[in-house]
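Note sheet for the following structure.
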Amino acid sequence: MEIRRGMRDSLENYIDKTTEFKVRLSVLGNSVYDYSCFGLDCNGKLSDDRYMVFYNQMSSPKNEICYVQKAKEGEFNIRLSTLPASVDRLVFTVNIDGNGTMGMITDCSFIVKQREMSVLNMHLNGKDFSSEKAIILVEFYRKNGVWRFSAVARGFNGGLSELLKLYGGEEITPNNSASQQVININNNVQNTQKVSAPKKQGFFNNLFGGKSSVSESKKSLQNAETASGIFQQKNEKISLKKGQKISLTKSESRVIRIENGWTAKGKDYDLKALVRYRNGKLIYVGAANSDEVIMTSEGAVKHGGDIKSPGELEHIDIKWHPDIASVAVSSYSAIENGTGSFHRYGVFVRIINGKQIIEIPAADTSANERSYTLCFGEIIFGTEKDSFEVSALEMYSRPNSEHRIGYKKNKVVMDIGPEGKTK
């Protein structure tokens with residue numbers, strides 16, 4: 001359904017609120033555009049800063065809102081039914097980072113999709129705006145227990161800093177930031193302080209790692225390669241938490257390297273990949289078992305060989321191939337290694353795509369110490385050549401299980417694969 005500025009209706013007339021849906025935002029123009037979702041309370045304030053989801057905080061505490069940065073657009077995966085009662089409103093915005101105005105854009109689109117079908121869409125262009133630096137696009141809000149939407153489509157004279165202030169946050173300067181508690185967004189949720197006051201001193205300092213402004217923070221995180229919003233990391237790594245996704249930029253090398261290492265002595269972890277083809281065929285790639293292959297027949301997925309020493313890195317190289325749908329990446333610790341959590345033994349997976357580096361840590365400190373397989377994540381192959389998406393899963397096997405991962409209805413499932421055959 002096409003929606004227009006000022007339109008209001010029940011969102012539940014168009015989506016099933018108990019099922020995840022996507023909100024896709026995109027802008028065509030000559031500037032760099034950032035997309036954000038503000039989760040507000042009943043007073044329209046950001047009383048819990050963990051519900052501001054954007055490029056530097058890509059998910060809310062329980063993954064009710066997850067952000068995926070794509071080449072020319074931003075995508076939010078929304079699970080309305082799991083939002084806490086304290087979040088009554090979701091506001092979707094786009095702002096310009098740097099030069100330009102919204103009056104210069106060619107197109108701005110807001111699309112809601114569920115089960116791969118577009119259910120709501122709105123299109124704007126530069127004639128709808130003038131010198132504004134941001135747009136408040138659409139609000140989802142809860143009224144009498146029913147989720148509704150409002151097509152705001154209003155220009156806003158300010159960037160992300162000013163939007164934050166509008167919703168009750170406050171940007172601070174470095175001079176008074178020392179007195180504020182710094183929140184590390186990569187820490188566990190229980191280590192993050194919930195701020196209940198409408199005015200939250202230090203919010204920008206918390207989310208942007210001590211930087212005093214959005215632009216300064218972003219310069220330390222990203223190098224803008226093009227004006228269309230494609231970013232590559234230079235000296236910074238992206239760390240994905242469970243449930244987060246990110247699209248890989250196209251690299252000149254066209255080879256993605258997956259590395260797996262560990263820090264504990266006397267341990268031996270094996271890097272494995274389960275390759276899922278579009279026709280349903282599954283191939284196990286690894287170097288530790290007789291029923292695994294070192295390389296797939298078309299050469300798109302290749303294991304670098306078994307490593308047994310800490311500090312050395314096992315690796316798998318991946319190239320895009322039209323017949324492959326996805327590659328699930330796991331690390332395996334044999335029973336003879338003894339017990340011990342993946343987190344405590346420093347096991348990690350790193351995905352290198354040119355200058356773009358994505359790390360998926362073994363972050364769950366409560367995982368059972370007799371879980372011998374950890375599926376870190378999945379690399380999903382797009383239909384367009386050299387297009388990939390990384391999804392962090394962090395799924396653990398049942399205690400004492402030697403069964404490998406498998407696929408069921410195109411989703412990774414633990415413990416349904418065969419036991420590994422020793423060499």
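Quick note on naming: the chains in the structure tokens go A, B, ... in the order shown, residues restart at 1 in each chain, and ligands are numbered from 1 in order of appearance.
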
| said: Which residues are close to region 125-136 of chain A, i.e. within 7 Å by only C-alpha atoms, leaving aside same-chain residues fewer than 3 positions away? Reply as a list in words. | reply: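 The residues satisfying every condition are Phe92, Thr93, Val94, Asn95, Ile96, Thr101, Met102, Gly103, Met104, Ile105, Thr106, Asp107, Cys108, Val152, Ala153, Arg154, Gly155, Phe156, Asn157, Gly158 and Gly159 of chain A.
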
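For the set A:Leu11, A:Ile78, A:Val349, A:Leu248, the residue with the smallest atom-to-atom gap to Ala151 (chain A) is A:Leu11, counting only C-alpha atoms.
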
| said: I'd like the neighbourhood of Arg8 (chain A) as a list in words, where a residue qualifies if any of its atoms comes within 8 Å (using only C-alpha atoms), though same-chain residues fewer than 3 positions away should be ignored. | reply: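 Listing them by chain and then by number gives Arg148, Phe149, Ser150 and Ala151 of chain A.
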
May I have the selected residues written with N, CA and C atoms, as a compact mmCIF listing (two decimals), in the first residue's frame?
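Written output follows (out36.txt):
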# COMPACT_ATOMS: atom_id res chain seq x y z
N ARG A 148 0.10 1.42 15.75
CA ARG A 148 -0.36 2.21 14.63
C ARG A 148 0.86 2.85 13.95
N PHE A 149 0.65 3.45 12.79
CA PHE A 149 1.73 4.18 12.15
C PHE A 149 1.27 5.58 11.78
N SER A 150 2.21 6.49 11.71
CA SER A 150 1.97 7.86 11.27
C SER A 150 3.04 8.22 10.25
N ALA A 151 2.63 8.57 9.05
CA ALA A 151 3.57 8.99 8.00
C ALA A 151 3.90 10.46 8.21

| message | Could you list, as JSON, numbers by chain, every residue within 7 Å of Ile416 (chain A), counting only C-alpha atoms and ignoring same-chain residues fewer than 6 positions away? | response | {"A": [403, 404, 405, 406]}

What's the 12 Å shell around Asn289 (chain A), counting only C-alpha atoms, without same-chain residues fewer than 3 positions away, as an mmCIF file with N, CA and C atoms, in the first residue's frame?
data_model
loop_
_atom_site.group_PDB
_atom_site.id
_atom_site.type_symbol
_atom_site.label_atom_id
_atom_site.label_comp_id
_atom_site.auth_asym_id
_atom_site.auth_seq_id
_atom_site.Cartn_x
_atom_site.Cartn_y
_atom_site.Cartn_z
ATOM 1 N N ASP A 270 39.105 -26.689 15.754
ATOM 2 C CA ASP A 270 39.073 -26.887 14.303
ATOM 3 C C ASP A 270 38.025 -25.978 13.668
ATOM 4 N N LEU A 271 38.438 -25.247 12.652
ATOM 5 C CA LEU A 271 37.533 -24.395 11.897
ATOM 6 C C LEU A 271 36.818 -25.229 10.834
ATOM 7 N N LYS A 272 35.507 -25.091 10.772
ATOM 8 C CA LYS A 272 34.715 -25.868 9.832
ATOM 9 C C LYS A 272 33.716 -24.962 9.116
ATOM 10 N N TYR A 284 30.417 -30.495 3.840
ATOM 11 C CA TYR A 284 31.222 -30.115 5.003
ATOM 12 C C TYR A 284 32.666 -29.883 4.565
ATOM 13 N N VAL A 285 33.174 -28.697 4.865
ATOM 14 C CA VAL A 285 34.561 -28.338 4.542
ATOM 15 C C VAL A 285 35.345 -28.241 5.842
ATOM 16 N N GLY A 286 36.470 -28.967 5.911
ATOM 17 C CA GLY A 286 37.310 -28.958 7.103
ATOM 18 C C GLY A 286 38.574 -29.754 6.847
ATOM 19 N N GLU A 292 35.202 -34.896 5.563
ATOM 20 C CA GLU A 292 35.193 -33.490 5.156
ATOM 21 C C GLU A 292 36.085 -33.306 3.931
ATOM 22 N N VAL A 293 35.807 -32.265 3.161
ATOM 23 C CA VAL A 293 36.660 -31.957 2.019
ATOM 24 C C VAL A 293 37.437 -30.683 2.308
ATOM 25 N N ILE A 294 38.634 -30.584 1.760
ATOM 26 C CA ILE A 294 39.441 -29.373 1.900
ATOM 27 C C ILE A 294 38.897 -28.260 1.022
ATOM 28 N N GLY A 305 44.033 -25.769 5.894
ATOM 29 C CA GLY A 305 44.766 -26.845 6.559
ATOM 30 C C GLY A 305 44.667 -26.775 8.068
ATOM 31 N N ASP A 306 44.940 -27.900 8.713
ATOM 32 C CA ASP A 306 44.798 -28.031 10.154
ATOM 33 C C ASP A 306 45.932 -27.330 10.897
ATOM 34 N N TYR A 332 35.200 -26.221 16.434
ATOM 35 C CA TYR A 332 34.955 -27.482 17.141
ATOM 36 C C TYR A 332 36.110 -27.788 18.086
ATOM 37 N N ALA A 334 37.402 -30.946 20.406
ATOM 38 C CA ALA A 334 37.177 -32.373 20.652
ATOM 39 C C ALA A 334 37.041 -32.663 22.150
ATOM 40 N N ARG A 404 27.516 -32.540 14.332
ATOM 41 C CA ARG A 404 27.827 -31.255 13.712
ATOM 42 C C ARG A 404 26.557 -30.454 13.424
ATOM 43 N N PRO A 418 25.854 -35.127 11.047
ATOM 44 C CA PRO A 418 26.491 -36.387 11.458
ATOM 45 C C PRO A 418 27.661 -36.142 12.417
ATOM 46 N N GLU A 419 28.040 -37.189 13.155
ATOM 47 C CA GLU A 419 29.250 -37.127 13.950
ATOM 48 C C GLU A 419 30.454 -37.147 13.015
ATOM 49 N N GLY A 420 31.496 -36.423 13.370
ATOM 50 C CA GLY A 420 32.681 -36.397 12.548
ATOM 51 C C GLY A 420 33.413 -37.729 12.551
ATOM 52 N N LYS A 421 33.883 -38.164 11.399
ATOM 53 C CA LYS A 421 34.655 -39.407 11.300
ATOM 54 C C LYS A 421 36.136 -39.072 11.395
ATOM 55 N N THR A 422 36.792 -39.643 12.380
ATOM 56 C CA THR A 422 38.205 -39.339 12.580
ATOM 57 C C THR A 422 39.061 -39.899 11.454
ATOM 58 N N LYS A 423 40.184 -39.229 11.230
ATOM 59 C CA LYS A 423 41.092 -39.667 10.161
ATOM 60 C C LYS A 423 41.884 -40.896 10.574
#

| message | Please compute the CA of Met414 (chain A)-CA of Glu378 (chain A) distance, one decimal, in Å. | response |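 These two atoms are separated by 12.9 Å.
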
| message | Please determine, counting only C-alpha atoms, which residue among A:Ser109, A:Thr263, A:Ser371, A:Ser290 has the shortest atom-to-atom distance to Glu75 (chain A). | response | A:Ser109
